[in-house]
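Coordinates from final-v7.pdb are shown below (PDB, C-alpha atoms and all ligand atoms).
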ATOM      1  CA  MET V   1      53.730 -15.960  50.661  1.00  0.00           C
ATOM      2  CA  LYS V   2      55.402 -18.448  48.351  1.00  0.00           C
ATOM      3  CA  LEU V   3      58.971 -19.557  49.123  1.00  0.00           C
ATOM      4  CA  GLU V   4      61.134 -21.166  46.432  1.00  0.00           C
ATOM      5  CA  ILE V   5      64.591 -22.443  47.333  1.00  0.00           C
ATOM      6  CA  PHE V   6      67.356 -23.083  44.821  1.00  0.00           C
ATOM      7  CA  GLU V   7      70.707 -24.770  45.340  1.00  0.00           C
ATOM      8  CA  ALA V   8      72.735 -21.999  43.670  1.00  0.00           C
ATOM      9  CA  PRO V   9      72.336 -18.209  43.662  1.00  0.00           C
ATOM     10  CA  GLN V  10      72.400 -18.198  39.844  1.00  0.00           C
ATOM     11  CA  GLN V  11      69.280 -20.389  39.837  1.00  0.00           C
ATOM     12  CA  ALA V  12      67.414 -18.009  42.135  1.00  0.00           C
ATOM     13  CA  ALA V  13      68.464 -15.104  39.905  1.00  0.00           C
ATOM     14  CA  ALA V  14      67.368 -16.988  36.779  1.00  0.00           C
ATOM     15  CA  ALA V  15      63.976 -17.652  38.365  1.00  0.00           C
ATOM     16  CA  ALA V  16      63.621 -13.937  39.107  1.00  0.00           C
ATOM     17  CA  ALA V  17      64.544 -13.080  35.516  1.00  0.00           C
ATOM     18  CA  GLU V  18      61.947 -15.561  34.293  1.00  0.00           C
ATOM     19  CA  ARG V  19      59.276 -13.932  36.487  1.00  0.00           C
ATOM     20  CA  ILE V  20      60.130 -10.512  35.064  1.00  0.00           C
ATOM     21  CA  ALA V  21      60.084 -11.865  31.507  1.00  0.00           C
ATOM     22  CA  ALA V  22      56.736 -13.568  32.151  1.00  0.00           C
ATOM     23  CA  CYS V  23      55.306 -10.291  33.419  1.00  0.00           C
ATOM     24  CA  VAL V  24      56.398  -8.514  30.222  1.00  0.00           C
ATOM     25  CA  ARG V  25      55.170 -11.329  27.964  1.00  0.00           C
ATOM     26  CA  ALA V  26      51.742 -11.038  29.590  1.00  0.00           C
ATOM     27  CA  LYS V  27      51.777  -7.232  29.550  1.00  0.00           C
ATOM     28  CA  PRO V  28      54.265  -5.641  27.110  1.00  0.00           C
ATOM     29  CA  ALA V  29      53.645  -2.199  28.638  1.00  0.00           C
ATOM     30  CA  ALA V  30      54.247  -3.440  32.200  1.00  0.00           C
ATOM     31  CA  VAL V  31      55.399  -1.087  34.935  1.00  0.00           C
ATOM     32  CA  LEU V  32      58.340  -2.721  36.715  1.00  0.00           C
ATOM     33  CA  GLY V  33      59.784  -1.784  40.084  1.00  0.00           C
ATOM     34  CA  LEU V  34      63.535  -2.424  39.991  1.00  0.00           C
ATOM     35  CA  ALA V  35      66.191  -2.829  42.669  1.00  0.00           C
ATOM     36  CA  THR V  36      69.952  -2.554  42.972  1.00  0.00           C
ATOM     37  CA  GLY V  37      72.534  -4.360  45.106  1.00  0.00           C
ATOM     38  CA  ALA V  38      74.916  -7.236  44.420  1.00  0.00           C
ATOM     39  CA  THR V  39      72.063  -9.786  44.392  1.00  0.00           C
ATOM     40  CA  MET V  40      70.472  -7.967  41.460  1.00  0.00           C
ATOM     41  CA  GLU V  41      73.610  -8.061  39.306  1.00  0.00           C
ATOM     42  CA  GLU V  42      73.048 -11.752  38.589  1.00  0.00           C
ATOM     43  CA  VAL V  43      69.306 -11.157  38.079  1.00  0.00           C
ATOM     44  CA  TYR V  44      69.981  -8.543  35.392  1.00  0.00           C
ATOM     45  CA  ARG V  45      72.680 -10.694  33.752  1.00  0.00           C
ATOM     46  CA  SER V  46      70.177 -13.502  33.479  1.00  0.00           C
ATOM     47  CA  LEU V  47      67.415 -11.155  32.293  1.00  0.00           C
ATOM     48  CA  VAL V  48      69.563  -9.595  29.559  1.00  0.00           C
ATOM     49  CA  ALA V  49      70.519 -13.079  28.287  1.00  0.00           C
ATOM     50  CA  ARG V  50      66.890 -14.153  28.317  1.00  0.00           C
ATOM     51  CA  LEU V  51      65.702 -11.035  26.474  1.00  0.00           C
ATOM     52  CA  GLU V  52      68.258 -11.669  23.763  1.00  0.00           C
ATOM     53  CA  ALA V  53      67.516 -15.397  23.498  1.00  0.00           C
ATOM     54  CA  GLU V  54      63.758 -14.820  23.305  1.00  0.00           C
ATOM     55  CA  ARG V  55      63.946 -11.551  21.377  1.00  0.00           C
ATOM     56  CA  LEU V  56      61.661 -10.162  24.051  1.00  0.00           C
ATOM     57  CA  SER V  57      61.290  -6.389  23.906  1.00  0.00           C
ATOM     58  CA  LEU V  58      61.176  -4.010  26.846  1.00  0.00           C
ATOM     59  CA  GLY V  59      60.400  -1.200  24.414  1.00  0.00           C
ATOM     60  CA  GLN V  60      57.015  -0.425  25.972  1.00  0.00           C
ATOM     61  CA  VAL V  61      57.985  -1.130  29.584  1.00  0.00           C
ATOM     62  CA  THR V  62      58.208   1.612  32.206  1.00  0.00           C
ATOM     63  CA  THR V  63      60.564   1.182  35.171  1.00  0.00           C
ATOM     64  CA  PHE V  64      60.832   2.797  38.596  1.00  0.00           C
ATOM     65  CA  ASN V  65      63.791   1.976  40.820  1.00  0.00           C
ATOM     66  CA  LEU V  66      63.346   1.640  44.551  1.00  0.00           C
ATOM     67  CA  ASP V  67      65.889   4.165  45.701  1.00  0.00           C
ATOM     68  CA  GLU V  68      68.788   6.514  45.045  1.00  0.00           C
ATOM     69  CA  TYR V  69      71.508   8.097  47.164  1.00  0.00           C
ATOM     70  CA  LEU V  70      71.062  11.756  47.996  1.00  0.00           C
ATOM     71  CA  GLY V  71      73.695  14.113  46.661  1.00  0.00           C
ATOM     72  CA  LEU V  72      74.792  11.940  43.735  1.00  0.00           C
ATOM     73  CA  ALA V  73      74.166  13.196  40.222  1.00  0.00           C
ATOM     74  CA  ALA V  74      72.762  10.745  37.661  1.00  0.00           C
ATOM     75  CA  GLU V  75      76.131  10.688  35.833  1.00  0.00           C
ATOM     76  CA  ASP V  76      78.031   9.792  39.010  1.00  0.00           C
ATOM     77  CA  PRO V  77      79.317   6.213  38.505  1.00  0.00           C
ATOM     78  CA  ALA V  78      78.379   5.354  42.119  1.00  0.00           C
ATOM     79  CA  SER V  79      74.749   6.439  41.623  1.00  0.00           C
ATOM     80  CA  TYR V  80      72.068   3.800  41.236  1.00  0.00           C
ATOM     81  CA  ARG V  81      71.109   5.450  37.934  1.00  0.00           C
ATOM     82  CA  ALA V  82      74.612   4.737  36.585  1.00  0.00           C
ATOM     83  CA  THR V  83      74.515   1.211  38.043  1.00  0.00           C
ATOM     84  CA  MET V  84      71.229   0.513  36.277  1.00  0.00           C
ATOM     85  CA  ARG V  85      72.659   1.863  33.028  1.00  0.00           C
ATOM     86  CA  ARG V  86      75.566  -0.574  33.310  1.00  0.00           C
ATOM     87  CA  LEU V  87      73.492  -3.600  34.281  1.00  0.00           C
ATOM     88  CA  LEU V  88      70.272  -3.228  32.310  1.00  0.00           C
ATOM     89  CA  PHE V  89      69.277   0.091  30.740  1.00  0.00           C
ATOM     90  CA  GLY V  90      72.257   0.180  28.382  1.00  0.00           C
ATOM     91  CA  LEU V  91      71.939  -3.515  27.511  1.00  0.00           C
ATOM     92  CA  SER V  92      68.251  -3.655  26.563  1.00  0.00           C
ATOM     93  CA  ASP V  93      65.831  -1.764  24.347  1.00  0.00           C
ATOM     94  CA  LEU V  94      64.241   0.034  27.318  1.00  0.00           C
ATOM     95  CA  ASP V  95      63.267   3.584  26.368  1.00  0.00           C
ATOM     96  CA  PRO V  96      65.509   5.820  28.539  1.00  0.00           C
ATOM     97  CA  ALA V  97      62.590   8.250  28.903  1.00  0.00           C
ATOM     98  CA  ARG V  98      60.602   5.507  30.652  1.00  0.00           C
ATOM     99  CA  THR V  99      63.297   4.560  33.160  1.00  0.00           C
ATOM    100  CA  HIS V 100      62.863   6.361  36.460  1.00  0.00           C
ATOM    101  CA  LEU V 101      64.901   6.748  39.633  1.00  0.00           C
ATOM    102  CA  PRO V 102      64.566   9.396  42.306  1.00  0.00           C
ATOM    103  CA  ARG V 103      66.826  12.350  41.433  1.00  0.00           C
ATOM    104  CA  GLY V 104      69.618  12.262  43.964  1.00  0.00           C
ATOM    105  CA  GLU V 105      70.724  15.791  43.203  1.00  0.00           C
ATOM    106  CA  ALA V 106      67.266  17.377  43.554  1.00  0.00           C
ATOM    107  CA  ALA V 107      67.379  20.770  45.300  1.00  0.00           C
ATOM    108  CA  ASP V 108      64.363  19.844  47.441  1.00  0.00           C
ATOM    109  CA  PRO V 109      64.716  16.097  48.188  1.00  0.00           C
ATOM    110  CA  GLN V 110      61.412  15.742  50.052  1.00  0.00           C
ATOM    111  CA  ALA V 111      59.543  17.376  47.156  1.00  0.00           C
ATOM    112  CA  GLU V 112      61.395  15.003  44.812  1.00  0.00           C
ATOM    113  CA  ALA V 113      60.243  12.034  46.918  1.00  0.00           C
ATOM    114  CA  SER V 114      56.624  13.181  46.688  1.00  0.00           C
ATOM    115  CA  ARG V 115      56.953  13.803  42.942  1.00  0.00           C
ATOM    116  CA  TYR V 116      58.357  10.282  42.507  1.00  0.00           C
ATOM    117  CA  GLU V 117      55.521   8.681  44.459  1.00  0.00           C
ATOM    118  CA  ALA V 118      52.989  10.594  42.325  1.00  0.00           C
ATOM    119  CA  ALA V 119      54.775   9.551  39.110  1.00  0.00           C
ATOM    120  CA  ILE V 120      54.366   5.871  40.028  1.00  0.00           C
ATOM    121  CA  ALA V 121      50.657   6.380  40.646  1.00  0.00           C
ATOM    122  CA  ALA V 122      50.311   8.328  37.369  1.00  0.00           C
ATOM    123  CA  ALA V 123      51.921   5.409  35.501  1.00  0.00           C
ATOM    124  CA  GLY V 124      49.164   3.146  36.852  1.00  0.00           C
ATOM    125  CA  GLY V 125      51.127   1.637  39.757  1.00  0.00           C
ATOM    126  CA  LEU V 126      53.742  -1.102  39.783  1.00  0.00           C
ATOM    127  CA  ASP V 127      52.887  -4.481  38.245  1.00  0.00           C
ATOM    128  CA  LEU V 128      55.893  -6.247  39.733  1.00  0.00           C
ATOM    129  CA  GLN V 129      58.326  -4.974  42.357  1.00  0.00           C
ATOM    130  CA  LEU V 130      61.730  -6.651  42.499  1.00  0.00           C
ATOM    131  CA  LEU V 131      63.347  -6.504  45.945  1.00  0.00           C
ATOM    132  CA  GLY V 132      66.562  -7.479  47.671  1.00  0.00           C
ATOM    133  CA  LEU V 133      67.094  -7.911  51.382  1.00  0.00           C
ATOM    134  CA  GLY V 134      69.517  -5.833  53.431  1.00  0.00           C
ATOM    135  CA  ARG V 135      71.628  -7.503  56.113  1.00  0.00           C
ATOM    136  CA  ASN V 136      69.679  -5.637  58.765  1.00  0.00           C
ATOM    137  CA  GLY V 137      66.340  -6.549  57.184  1.00  0.00           C
ATOM    138  CA  HIS V 138      65.939  -3.382  55.116  1.00  0.00           C
ATOM    139  CA  VAL V 139      64.093  -3.260  51.800  1.00  0.00           C
ATOM    140  CA  GLY V 140      64.851  -0.459  49.396  1.00  0.00           C
ATOM    141  CA  PHE V 141      66.388   1.880  51.932  1.00  0.00           C
ATOM    142  CA  ASN V 142      63.671   1.353  54.533  1.00  0.00           C
ATOM    143  CA  GLU V 143      65.868   0.819  57.549  1.00  0.00           C
ATOM    144  CA  PRO V 144      64.758  -0.877  60.800  1.00  0.00           C
ATOM    145  CA  GLY V 145      62.119   1.307  62.433  1.00  0.00           C
ATOM    146  CA  SER V 146      60.438   2.140  59.111  1.00  0.00           C
ATOM    147  CA  PRO V 147      56.692   1.905  59.662  1.00  0.00           C
ATOM    148  CA  ALA V 148      54.287  -0.119  57.517  1.00  0.00           C
ATOM    149  CA  ASP V 149      52.519   3.073  56.434  1.00  0.00           C
ATOM    150  CA  SER V 150      55.690   4.846  55.212  1.00  0.00           C
ATOM    151  CA  ARG V 151      55.638   6.469  51.771  1.00  0.00           C
ATOM    152  CA  THR V 152      58.433   7.587  49.437  1.00  0.00           C
ATOM    153  CA  ARG V 153      60.691   9.862  51.471  1.00  0.00           C
ATOM    154  CA  VAL V 154      64.151  10.983  52.483  1.00  0.00           C
ATOM    155  CA  VAL V 155      65.854   8.567  54.897  1.00  0.00           C
ATOM    156  CA  ARG V 156      69.094   8.444  56.846  1.00  0.00           C
ATOM    157  CA  LEU V 157      71.139   5.299  56.202  1.00  0.00           C
ATOM    158  CA  SER V 158      72.258   3.126  59.094  1.00  0.00           C
ATOM    159  CA  ALA V 159      75.932   2.474  59.811  1.00  0.00           C
ATOM    160  CA  THR V 160      75.406  -1.214  58.868  1.00  0.00           C
ATOM    161  CA  THR V 161      74.013  -0.307  55.457  1.00  0.00           C
ATOM    162  CA  ARG V 162      76.710   2.271  54.718  1.00  0.00           C
ATOM    163  CA  LYS V 163      79.356  -0.281  55.642  1.00  0.00           C
ATOM    164  CA  ALA V 164      77.778  -3.024  53.511  1.00  0.00           C
ATOM    165  CA  ASN V 165      77.576  -0.676  50.497  1.00  0.00           C
ATOM    166  CA  ARG V 166      81.124   0.695  50.961  1.00  0.00           C
ATOM    167  CA  ARG V 167      82.410  -1.691  48.299  1.00  0.00           C
ATOM    168  CA  HIS V 168      80.412   0.067  45.583  1.00  0.00           C
ATOM    169  CA  PHE V 169      82.319   3.332  46.169  1.00  0.00           C
ATOM    170  CA  PRO V 170      85.901   4.130  45.188  1.00  0.00           C
ATOM    171  CA  PRO V 171      88.445   4.181  48.030  1.00  0.00           C
ATOM    172  CA  GLY V 172      88.461   7.467  49.908  1.00  0.00           C
ATOM    173  CA  ARG V 173      84.930   8.365  48.885  1.00  0.00           C
ATOM    174  CA  ALA V 174      82.302   8.519  51.597  1.00  0.00           C
ATOM    175  CA  VAL V 175      79.064   6.553  51.229  1.00  0.00           C
ATOM    176  CA  PRO V 176      76.207   9.118  51.272  1.00  0.00           C
ATOM    177  CA  GLU V 177      74.372   9.453  54.562  1.00  0.00           C
ATOM    178  CA  ARG V 178      70.934   9.899  53.091  1.00  0.00           C
ATOM    179  CA  ALA V 179      68.807   8.488  50.306  1.00  0.00           C
ATOM    180  CA  ILE V 180      65.331   8.663  48.804  1.00  0.00           C
ATOM    181  CA  THR V 181      63.440   5.378  48.997  1.00  0.00           C
ATOM    182  CA  LEU V 182      60.007   4.058  48.182  1.00  0.00           C
ATOM    183  CA  GLY V 183      58.139   3.562  51.442  1.00  0.00           C
ATOM    184  CA  ILE V 184      56.847   0.253  52.768  1.00  0.00           C
ATOM    185  CA  ALA V 185      53.256   1.253  51.996  1.00  0.00           C
ATOM    186  CA  THR V 186      54.306   2.250  48.469  1.00  0.00           C
ATOM    187  CA  ILE V 187      56.009  -1.118  47.947  1.00  0.00           C
ATOM    188  CA  LEU V 188      52.972  -2.962  49.318  1.00  0.00           C
ATOM    189  CA  GLU V 189      50.807  -1.298  46.648  1.00  0.00           C
ATOM    190  CA  ALA V 190      52.668  -3.130  43.860  1.00  0.00           C
ATOM    191  CA  ARG V 191      50.500  -5.880  42.370  1.00  0.00           C
ATOM    192  CA  SER V 192      53.215  -8.542  42.883  1.00  0.00           C
ATOM    193  CA  LEU V 193      56.368  -8.627  44.989  1.00  0.00           C
ATOM    194  CA  LEU V 194      59.490 -10.655  44.236  1.00  0.00           C
ATOM    195  CA  LEU V 195      62.076 -10.824  47.017  1.00  0.00           C
ATOM    196  CA  VAL V 196      65.411 -12.333  45.963  1.00  0.00           C
ATOM    197  CA  VAL V 197      67.704 -13.454  48.776  1.00  0.00           C
ATOM    198  CA  THR V 198      71.060 -15.131  48.211  1.00  0.00           C
ATOM    199  CA  GLY V 199      74.181 -15.816  50.259  1.00  0.00           C
ATOM    200  CA  ALA V 200      74.919 -16.796  53.836  1.00  0.00           C
ATOM    201  CA  ALA V 201      75.041 -13.145  54.981  1.00  0.00           C
ATOM    202  CA  LYS V 202      71.277 -13.021  54.463  1.00  0.00           C
ATOM    203  CA  ARG V 203      70.449 -16.119  56.484  1.00  0.00           C
ATOM    204  CA  ALA V 204      69.649 -14.287  59.724  1.00  0.00           C
ATOM    205  CA  PRO V 205      67.445 -11.556  58.196  1.00  0.00           C
ATOM    206  CA  LEU V 206      65.656 -14.119  56.004  1.00  0.00           C
ATOM    207  CA  ARG V 207      64.960 -16.315  59.029  1.00  0.00           C
ATOM    208  CA  ARG V 208      63.529 -13.281  60.797  1.00  0.00           C
ATOM    209  CA  VAL V 209      61.280 -12.515  57.784  1.00  0.00           C
ATOM    210  CA  LEU V 210      60.029 -16.088  57.443  1.00  0.00           C
ATOM    211  CA  GLN V 211      59.478 -16.753  61.124  1.00  0.00           C
ATOM    212  CA  GLY V 212      57.664 -13.481  61.809  1.00  0.00           C
ATOM    213  CA  PRO V 213      55.872 -11.854  63.394  1.00  0.00           C
ATOM    214  CA  PRO V 214      55.941  -8.889  61.002  1.00  0.00           C
ATOM    215  CA  GLY V 215      57.459  -5.844  62.696  1.00  0.00           C
ATOM    216  CA  ALA V 216      59.180  -2.565  61.905  1.00  0.00           C
ATOM    217  CA  ASP V 217      62.423  -3.890  63.479  1.00  0.00           C
ATOM    218  CA  CYS V 218      62.753  -5.911  60.248  1.00  0.00           C
ATOM    219  CA  PRO V 219      61.094  -3.879  57.472  1.00  0.00           C
ATOM    220  CA  ALA V 220      61.181  -6.808  55.010  1.00  0.00           C
ATOM    221  CA  SER V 221      58.945  -8.785  57.372  1.00  0.00           C
ATOM    222  CA  LEU V 222      56.215  -6.193  56.767  1.00  0.00           C
ATOM    223  CA  LEU V 223      55.960  -7.525  53.207  1.00  0.00           C
ATOM    224  CA  LEU V 224      54.365 -10.723  54.524  1.00  0.00           C
ATOM    225  CA  GLY V 225      51.019  -8.920  54.543  1.00  0.00           C
ATOM    226  CA  HIS V 226      51.069  -8.767  50.715  1.00  0.00           C
ATOM    227  CA  HIS V 227      48.701 -11.089  48.835  1.00  0.00           C
ATOM    228  CA  ASP V 228      51.221 -11.937  46.097  1.00  0.00           C
ATOM    229  CA  LEU V 229      54.719 -12.190  47.567  1.00  0.00           C
ATOM    230  CA  THR V 230      57.240 -14.700  46.212  1.00  0.00           C
ATOM    231  CA  VAL V 231      60.564 -15.212  47.990  1.00  0.00           C
ATOM    232  CA  LEU V 232      63.308 -16.711  45.810  1.00  0.00           C
ATOM    233  CA  ALA V 233      66.217 -17.834  47.968  1.00  0.00           C
ATOM    234  CA  ASP V 234      69.332 -19.911  47.524  1.00  0.00           C
ATOM    235  CA  ARG V 235      70.267 -22.674  49.945  1.00  0.00           C
ATOM    236  CA  ALA V 236      72.950 -20.552  51.617  1.00  0.00           C
ATOM    237  CA  ALA V 237      70.385 -17.941  52.610  1.00  0.00           C
ATOM    238  CA  ALA V 238      67.491 -20.305  53.317  1.00  0.00           C
ATOM    239  CA  GLY V 239      69.388 -22.779  55.485  1.00  0.00           C
ATOM    240  CA  GLU V 240      66.937 -25.328  56.834  1.00  0.00           C
ATOM    241  CA  ALA V 241      63.889 -23.163  56.028  1.00  0.00           C
ATOM    242  CA  ALA V 242      62.542 -25.995  53.844  1.00  0.00           C
TER     243      ALA V 242
HETATM  244  C1  LIG V 301      71.082  -1.748  49.036  1.00  0.00           C
HETATM  245  C2  LIG V 301      69.784  -1.446  48.307  1.00  0.00           C
HETATM  246  C3  LIG V 301      68.717  -2.440  48.643  1.00  0.00           C
HETATM  247  C4  LIG V 301      69.264  -3.846  48.520  1.00  0.00           C
HETATM  248  C5  LIG V 301      70.375  -4.035  49.487  1.00  0.00           C
HETATM  249  C6  LIG V 301      70.977  -5.435  49.509  1.00  0.00           C
HETATM  250  O1  LIG V 301      71.110  -1.233  50.323  1.00  0.00           O
HETATM  251  N1  LIG V 301      69.282  -0.126  48.560  1.00  0.00           N
HETATM  252  O2  LIG V 301      67.608  -2.261  47.792  1.00  0.00           O
HETATM  253  O3  LIG V 301      68.265  -4.785  48.770  1.00  0.00           O
HETATM  254  O4  LIG V 301      71.390  -3.120  49.114  1.00  0.00           O
HETATM  255  O5  LIG V 301      72.012  -5.481  48.599  1.00  0.00           O
HETATM  256  P1  LIG V 301      72.963  -6.696  48.300  1.00  0.00           P
HETATM  257  O6  LIG V 301      72.246  -7.508  47.283  1.00  0.00           O
HETATM  258  O7  LIG V 301      74.211  -6.048  47.753  1.00  0.00           O
HETATM  259  O8  LIG V 301      73.206  -7.427  49.562  1.00  0.00           O
END
Translate this structure into structure tokens?
Amino acid sequence: MKLEIFEAPQQAAAAAAERIAACVRAKPAAVLGLATGATMEEVYRSLVARLEAERLSLGQVTTFNLDEYLGLAAEDPASYRATMRRLLFGLSDLDPARTHLPRGEAADPQAEASRYEAAIAAAGGLDLQLLGLGRNGHVGFNEPGSPADSRTRVVRLSATTRKANRRHFPPGRAVPERAITLGIATILEARSLLLVVTGAAKRAPLRRVLQGPPGADCPASLLLGHHDLTVLADRAAAGEAA
């Protein structure tokens, strides 16, 4: 594991954007694993600026997002699909046909999860998986208790996660109780992992990840077994880690 600490969250986000750009420069038809969450907003802002400045094309890139809420249609503004459209898909030359998220409105969610897992494999697997860290140590929507061998599946969200994500929903609208997420084993199959952690609210889970030992009580700690994991953190999240 490689840990890089930056003074400001914008610097950590810029470093993540640079890693994504480097991946695409090296492999224009890269398969990218994308993430959502407030941390990623700055990453995508930085990436969009960089793409424009460098005239770097994502035209041949394929993307797979980590997760999606169950019960939300793709057009729903609270869906991760709509979020990705706002932050990246609509602001780059990505081919919409090559941008993938689990379908939150699928009639058979477990079948959708299996289809999604197979689609990633059929695309040749993920070259780079971008990840954020939940306050309770979740990655994607793999909540505490998620085993290392978990695959893409339907999960029930914890009260902590639903509360943390409340702010992305209009007042009076309930945060969905379930989601489809890539599993820990699926994430570990990506060729490189990039975990971006910013803000003081992430200090405790990041400490738990860095100090180990890896355990299902903190799903992000299970990533430490990966041969190419980079953690990009700001000072507020890293504390005295280095
Ligand atoms: C959501 C996403 C996760 C993300 C987490 C942290 O729960 N499903 O993939 O890592 O939020 O988000 P934030 O950056 O808003 O703290």
Inset, instruction - May I ask you to write as an MDAnalysis selection string all residues lying at most 6 Å from ligand LIG 301 (chain V), with all atoms listed in the file counted? - result: chainID V and resid 35:39 131:134 139:141 161
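For the pair CA of Leu34 in chain V and CA of Glu54 in chain V, the separation is 20.8 Å.
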Inset, instruction - Would you please work out which residue, of V:Ser79, V:Asn165, V:Gln11, V:Gln110, is nearest to Arg151 in chain V when using only C-alpha atoms? - result: V:Gln110
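Every protein, DNA or RNA residue with an atom at most 10 Å from Asp217 in chain V, where only C-alpha atoms count and chain neighbours fewer than 3 positions away do not, is listed here: Asn136, Gly137, His138, Glu143, Pro144, Gly145, Ser146, Pro147, Arg208, Pro214, Ala220, Ser221 and Leu222 of chain V.
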Name the residues captured by the PyMOL selection byres (((chain V and resi 206) around 12) and not hetatm) when it is applied to the shown file; answer as a PDB file with C-alpha atoms, keeping the file's coordinate frame.
ATOM      1  CA  LEU V   3      58.971 -19.557  49.123  1.00  0.00           C
ATOM      2  CA  GLY V 132      66.562  -7.479  47.671  1.00  0.00           C
ATOM      3  CA  LEU V 133      67.094  -7.911  51.382  1.00  0.00           C
ATOM      4  CA  GLY V 134      69.517  -5.833  53.431  1.00  0.00           C
ATOM      5  CA  ARG V 135      71.628  -7.503  56.113  1.00  0.00           C
ATOM      6  CA  ASN V 136      69.679  -5.637  58.765  1.00  0.00           C
ATOM      7  CA  GLY V 137      66.340  -6.549  57.184  1.00  0.00           C
ATOM      8  CA  HIS V 138      65.939  -3.382  55.116  1.00  0.00           C
ATOM      9  CA  VAL V 139      64.093  -3.260  51.800  1.00  0.00           C
ATOM     10  CA  LEU V 195      62.076 -10.824  47.017  1.00  0.00           C
ATOM     11  CA  VAL V 196      65.411 -12.333  45.963  1.00  0.00           C
ATOM     12  CA  VAL V 197      67.704 -13.454  48.776  1.00  0.00           C
ATOM     13  CA  THR V 198      71.060 -15.131  48.211  1.00  0.00           C
ATOM     14  CA  GLY V 199      74.181 -15.816  50.259  1.00  0.00           C
ATOM     15  CA  ALA V 200      74.919 -16.796  53.836  1.00  0.00           C
ATOM     16  CA  ALA V 201      75.041 -13.145  54.981  1.00  0.00           C
ATOM     17  CA  LYS V 202      71.277 -13.021  54.463  1.00  0.00           C
ATOM     18  CA  ARG V 203      70.449 -16.119  56.484  1.00  0.00           C
ATOM     19  CA  ALA V 204      69.649 -14.287  59.724  1.00  0.00           C
ATOM     20  CA  PRO V 205      67.445 -11.556  58.196  1.00  0.00           C
ATOM     21  CA  ARG V 207      64.960 -16.315  59.029  1.00  0.00           C
ATOM     22  CA  ARG V 208      63.529 -13.281  60.797  1.00  0.00           C
ATOM     23  CA  VAL V 209      61.280 -12.515  57.784  1.00  0.00           C
ATOM     24  CA  LEU V 210      60.029 -16.088  57.443  1.00  0.00           C
ATOM     25  CA  GLN V 211      59.478 -16.753  61.124  1.00  0.00           C
ATOM     26  CA  GLY V 212      57.664 -13.481  61.809  1.00  0.00           C
ATOM     27  CA  CYS V 218      62.753  -5.911  60.248  1.00  0.00           C
ATOM     28  CA  PRO V 219      61.094  -3.879  57.472  1.00  0.00           C
ATOM     29  CA  ALA V 220      61.181  -6.808  55.010  1.00  0.00           C
ATOM     30  CA  SER V 221      58.945  -8.785  57.372  1.00  0.00           C
ATOM     31  CA  LEU V 224      54.365 -10.723  54.524  1.00  0.00           C
ATOM     32  CA  VAL V 231      60.564 -15.212  47.990  1.00  0.00           C
ATOM     33  CA  LEU V 232      63.308 -16.711  45.810  1.00  0.00           C
ATOM     34  CA  ALA V 233      66.217 -17.834  47.968  1.00  0.00           C
ATOM     35  CA  ASP V 234      69.332 -19.911  47.524  1.00  0.00           C
ATOM     36  CA  ARG V 235      70.267 -22.674  49.945  1.00  0.00           C
ATOM     37  CA  ALA V 236      72.950 -20.552  51.617  1.00  0.00           C
ATOM     38  CA  ALA V 237      70.385 -17.941  52.610  1.00  0.00           C
ATOM     39  CA  ALA V 238      67.491 -20.305  53.317  1.00  0.00           C
ATOM     40  CA  GLY V 239      69.388 -22.779  55.485  1.00  0.00           C
ATOM     41  CA  GLU V 240      66.937 -25.328  56.834  1.00  0.00           C
ATOM     42  CA  ALA V 241      63.889 -23.163  56.028  1.00  0.00           C
TER      43      ALA V 241
END
Find the residues of range 71-137 of chain V that sit at most 8 Å from range 27-31 of chain V; for each, write down the nearest two atoms and how far apart they are in Å, to one decimal. Count only C-alpha atoms. Sort by chain, then by number going up, and give it as a tab-separated table.
residue	atom	partner	partner_atom	distance
V:Ala123	CA	V:Val31	CA	7.4
V:Gly124	CA	V:Val31	CA	7.8
V:Gly125	CA	V:Val31	CA	7.0
V:Leu126	CA	V:Val31	CA	5.1
V:Asp127	CA	V:Val31	CA	5.4
V:Leu128	CA	V:Val31	CA	7.1
Box dimensions and centre (Å, one decimal) enclosing range 197-202 of chain V, axis-aligned, 3 Å extra per side, as JSON:
{"center_x": 71.4, "center_y": -14.9, "center_z": 51.6, "size_x": 13.3, "size_y": 9.8, "size_z": 12.8}
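Coordinates place CA of Pro9 in chain V at a distance of 11.1 Å from CA of Glu41 in chain V.
Coordinates place CA of Pro102 in chain V at a distance of 24.5 Å from CA of Ser57 in chain V.
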Inset, instruction - Kindly provide, as a ChimeraX atom specification, the polymer residues lying within 12 Å of (60.7, 14.0, 43.3), counting all atoms listed in the file and using the coordinates exactly as they appear in the file. - result: /V:67-68,70,100-120,152-154,180-182
Create the file for the chosen residues now, containing C-alpha atoms and written as a short mmCIF file (atom, residue, chain, number, x, y, z; two decimals), keeping the file's coordinate frame.
data_model
loop_
_atom_site.label_atom_id
_atom_site.label_comp_id
_atom_site.auth_asym_id
_atom_site.auth_seq_id
_atom_site.Cartn_x
_atom_site.Cartn_y
_atom_site.Cartn_z
CA ASP V 67 65.89 4.16 45.70
CA GLU V 68 68.79 6.51 45.04
CA LEU V 70 71.06 11.76 48.00
CA HIS V 100 62.86 6.36 36.46
CA LEU V 101 64.90 6.75 39.63
CA PRO V 102 64.57 9.40 42.31
CA ARG V 103 66.83 12.35 41.43
CA GLY V 104 69.62 12.26 43.96
CA GLU V 105 70.72 15.79 43.20
CA ALA V 106 67.27 17.38 43.55
CA ALA V 107 67.38 20.77 45.30
CA ASP V 108 64.36 19.84 47.44
CA PRO V 109 64.72 16.10 48.19
CA GLN V 110 61.41 15.74 50.05
CA ALA V 111 59.54 17.38 47.16
CA GLU V 112 61.40 15.00 44.81
CA ALA V 113 60.24 12.03 46.92
CA SER V 114 56.62 13.18 46.69
CA ARG V 115 56.95 13.80 42.94
CA TYR V 116 58.36 10.28 42.51
CA GLU V 117 55.52 8.68 44.46
CA ALA V 118 52.99 10.59 42.32
CA ALA V 119 54.78 9.55 39.11
CA ILE V 120 54.37 5.87 40.03
CA THR V 152 58.43 7.59 49.44
CA ARG V 153 60.69 9.86 51.47
CA VAL V 154 64.15 10.98 52.48
CA ILE V 180 65.33 8.66 48.80
CA THR V 181 63.44 5.38 49.00
CA LEU V 182 60.01 4.06 48.18
#
